[in-house]
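A.B. asks: One structure is given below, represented as structure tokens, and several questions about it will come after.
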Amino acid sequence: MSDPTGSPSASTPPPGCPAHDGAVRLGGLEYQQTPSQLYRSLRREHGAVAPVLLDHDIPAWLVLGYPEVCYVTSHDELFARDSRRWNQWDHIPSDWPLLPFVGYQPSVLFTEGAEHQRRAGVITQALDGVDQFELARECELISGQLISSFSGSGQAELMSMYAHALPARAVLWMCGMPQDSTDTEQLVDDLRISLDAGEGEDPVAAYTRVGERIVQLVKEKRERPGPDVTSRMLLDPAGLSDEEVVQDLITVIAAAQQPTANWICNTLRLLLTDERFALNVSGGRVSVGDALNEVLWLDTPTQNFIGRWAVRDTQLGGRLIREGDCLVLGLAAANTDPQIWPESHVGAENSAHLSFGNGEHRCPYPAPLMADVVARTAVETLLERLPDLVLAVEPEELTWRPSIWMRGLTTLPVQFTPAVQ
């Protein structure tokens, strides 16, 4: 096996790989704006497991079926997380866009077996120490501060001014970062840039700054522990090293920030554009929970996740998966699998979606509950503070970010009656 970070020896996929079996490139305008149509097309042509091409025409398998995604994520002995198994490293350029997501790192994301249980157990125990009522109060406070910054103007762009900042501030509060410091504000901004850079922004530099600040935070908490996630991870009997805590904290923060931001914004879009919700939300909170859950089914923040790597030759969905093949988990496709929704109707009361993953590597408990607290508080507080909130553009003018991985709007412009400051 070659060095994952080494230079490519060729750019053409080898014979016998998925690329030579009618593979479809993941990308393009169709995918960005209406991915559900592409999923339906792939399912019709290829079934539950489709051959696809990633950036630079690197071959992989996209797992579209709900039962198949559940099978892959439940059988770590067949489909593992350590990306060093990949049989395509010889063909990966050193500047490959997806390298930050698949290049092996010593974090909980890529561990397996007993080591993964050890690392994930530390995260679970640390998160379990967060009082969810206290988290809700802190989120209300953060929401109020953010809303006050634009409520007097009568207009706002909610993605950048509200949805991105709120979960970042909430997770940094949980990790023990002071809320009213300049470096915390810089960290919040760097988190946004590293995960969702705009034009002219440098995500690599921002990610480097995030890592440097987390290293500093771990050092501070090692010397002066407090009632926070970072300190609990450092003091856990499992005895994680500072480097391990840094790596896993970055994973926790990144997992909490962008997916939750898109969950908030996608839910607000639904509430502001779908009359089923608009008729009810103004009269109370009854449908906010339904909207949050429906978004996880139909516009899940994490559309696709890379990935799993085949431990040995095996069969999946009628396909021969070779040892070392990469499988992309099609969470959005699986959530809309017609096998589980034969009438094409998603029941908002059902929470068996795969938006938080499945199996050993799913989001550790109680992370999904905490994400729900953050998202629900964000949506409810905004609607309470600005009850006449409406879109500032026509619904069809809203556009989705050009990503096959995340499902989020480029902007969400709104207007409302200015609040008296």
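Ordering of the structure tokens sets the chain letters (A, B, ...); residue numbers start at 1 within each chain; ligands are numbered from 1 in the order shown.
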Using only C-alpha atoms, find each residue of range 287-391 of chain A with at least one atom at most 10 Å away from an atom of range 395-404 of chain A; report its shortest atom-to-atom pair and that distance in Å (one decimal), sort the rows by chain and rising residue number, and return the result as a tab-separated table.
C.D. replies:
residue	atom	partner	partner_atom	distance
A:Thr302	CA	A:Ile404	CA	9.0
A:Gln303	CA	A:Ile404	CA	6.8
A:Asn304	CA	A:Ile404	CA	6.8
A:Phe305	CA	A:Ile404	CA	9.4
A:Gly330	CA	A:Ile404	CA	10.0
A:Leu391	CA	A:Pro395	CA	7.5
A.B. asks: If you keep N, CA and C atoms, can you produce a file of those selected residues as a CSV table (one decimal), in the first residue's frame?
C.D. replies:
chain,number,residue,atom,x,y,z
A,302,THR,N,-26.1,16.2,6.1
A,302,THR,CA,-25.0,15.4,5.5
A,302,THR,C,-25.6,14.5,4.5
A,303,GLN,N,-25.5,14.8,3.2
A,303,GLN,CA,-26.1,14.0,2.1
A,303,GLN,C,-25.4,12.7,1.9
A,304,ASN,N,-24.0,12.8,1.9
A,304,ASN,CA,-23.2,11.6,1.6
A,304,ASN,C,-22.0,11.7,2.6
A,305,PHE,N,-21.6,10.5,3.0
A,305,PHE,CA,-20.4,10.4,3.9
A,305,PHE,C,-19.4,9.5,3.3
A,330,GLY,N,-24.6,6.9,1.0
A,330,GLY,CA,-25.6,7.8,0.5
A,330,GLY,C,-26.7,8.0,1.5
A,391,LEU,N,-39.6,35.4,3.9
A,391,LEU,CA,-38.5,35.4,2.9
A,391,LEU,C,-38.4,36.7,2.2
A.B. asks: Set the distance at 9 Å and use only C-alpha atoms: which residues neighbour Pro387 in chain A once local chain neighbours fewer than 4 positions away are removed? I'd like the list as number ranges by chain.
C.D. replies: A: 282, 382-383, 416-417
A.B. asks: Would you save the residues of that selection, restricted to N, CA and C atoms, as a CSV table (one decimal), in the first residue's frame?
C.D. replies:
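Wrote it out as result_26.csv, contents follow:
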chain,number,residue,atom,x,y,z
A,282,SER,N,-47.0,30.1,13.3
A,282,SER,CA,-47.3,31.4,13.8
A,282,SER,C,-48.2,31.3,15.0
A,382,LEU,N,-35.9,32.3,17.2
A,382,LEU,CA,-36.0,33.3,16.1
A,382,LEU,C,-37.5,33.6,15.8
A,383,LEU,N,-38.3,32.5,15.8
A,383,LEU,CA,-39.7,32.7,15.4
A,383,LEU,C,-40.5,33.5,16.5
A,416,PHE,N,-38.5,41.4,8.1
A,416,PHE,CA,-39.4,41.4,9.2
A,416,PHE,C,-39.6,42.9,9.7
A,417,THR,N,-40.5,43.0,10.6
A,417,THR,CA,-40.7,44.4,11.2
A,417,THR,C,-39.5,44.7,12.1
A.B. asks: Would you mind listing, for every residue of range 49-141 of chain A within 7 Å of range 346-370 of chain A, the two atoms forming the shortest contact and the distance between them in Å to one decimal, using only C-alpha atoms, sorted by chain and ascending residue number, as JSON lines?
C.D. replies:
{"residue": "A:Cys70", "atom": "CA", "partner": "A:Asn358", "partner_atom": "CA", "distance": 6.5}
{"residue": "A:Thr73", "atom": "CA", "partner": "A:Gly359", "partner_atom": "CA", "distance": 5.2}
{"residue": "A:Ser74", "atom": "CA", "partner": "A:Gly359", "partner_atom": "CA", "distance": 4.9}
{"residue": "A:Ala120", "atom": "CA", "partner": "A:Pro364", "partner_atom": "CA", "distance": 6.9}
{"residue": "A:Thr124", "atom": "CA", "partner": "A:Pro364", "partner_atom": "CA", "distance": 5.8}
{"residue": "A:Leu127", "atom": "CA", "partner": "A:Pro366", "partner_atom": "CA", "distance": 6.6}
{"residue": "A:Asp128", "atom": "CA", "partner": "A:Pro366", "partner_atom": "CA", "distance": 6.2}
{"residue": "A:Gln132", "atom": "CA", "partner": "A:Met370", "partner_atom": "CA", "distance": 6.9}
A.B. asks: Give me, as JSON, numbers by chain, all polymer residues having an atom no more than 7 Å from Arg322 in chain A, counting only C-alpha atoms and skipping those fewer than 6 positions away in the same chain.
C.D. replies: {"A": [310, 312, 313, 314]}
A.B. asks: Neighbouring residues of range 241-246 of chain A were defined as those with any atom within 7 Å, considering only C-alpha atoms; residues of the same chain fewer than 3 positions away were excluded. Please report them as a PyMOL selection string.
C.D. replies: chain A and resi 107+214-215+218+233-234+249-250
A.B. asks: May I ask which of the residues A:Trp405, A:Arg81, A:Trp341, A:Asp180 is the closest one to Gln105 in chain A, counting only C-alpha atoms?
C.D. replies: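 The shortest atom-to-atom distance to Gln105 in chain A comes from A:Arg81.
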A.B. asks: Closest to Pro338 in chain A among A:Gly144, A:His56, A:Glu380, A:Pro67, using only C-alpha atoms?
C.D. replies: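 Among the listed residues, A:Pro67 lies closest to Pro338 in chain A.
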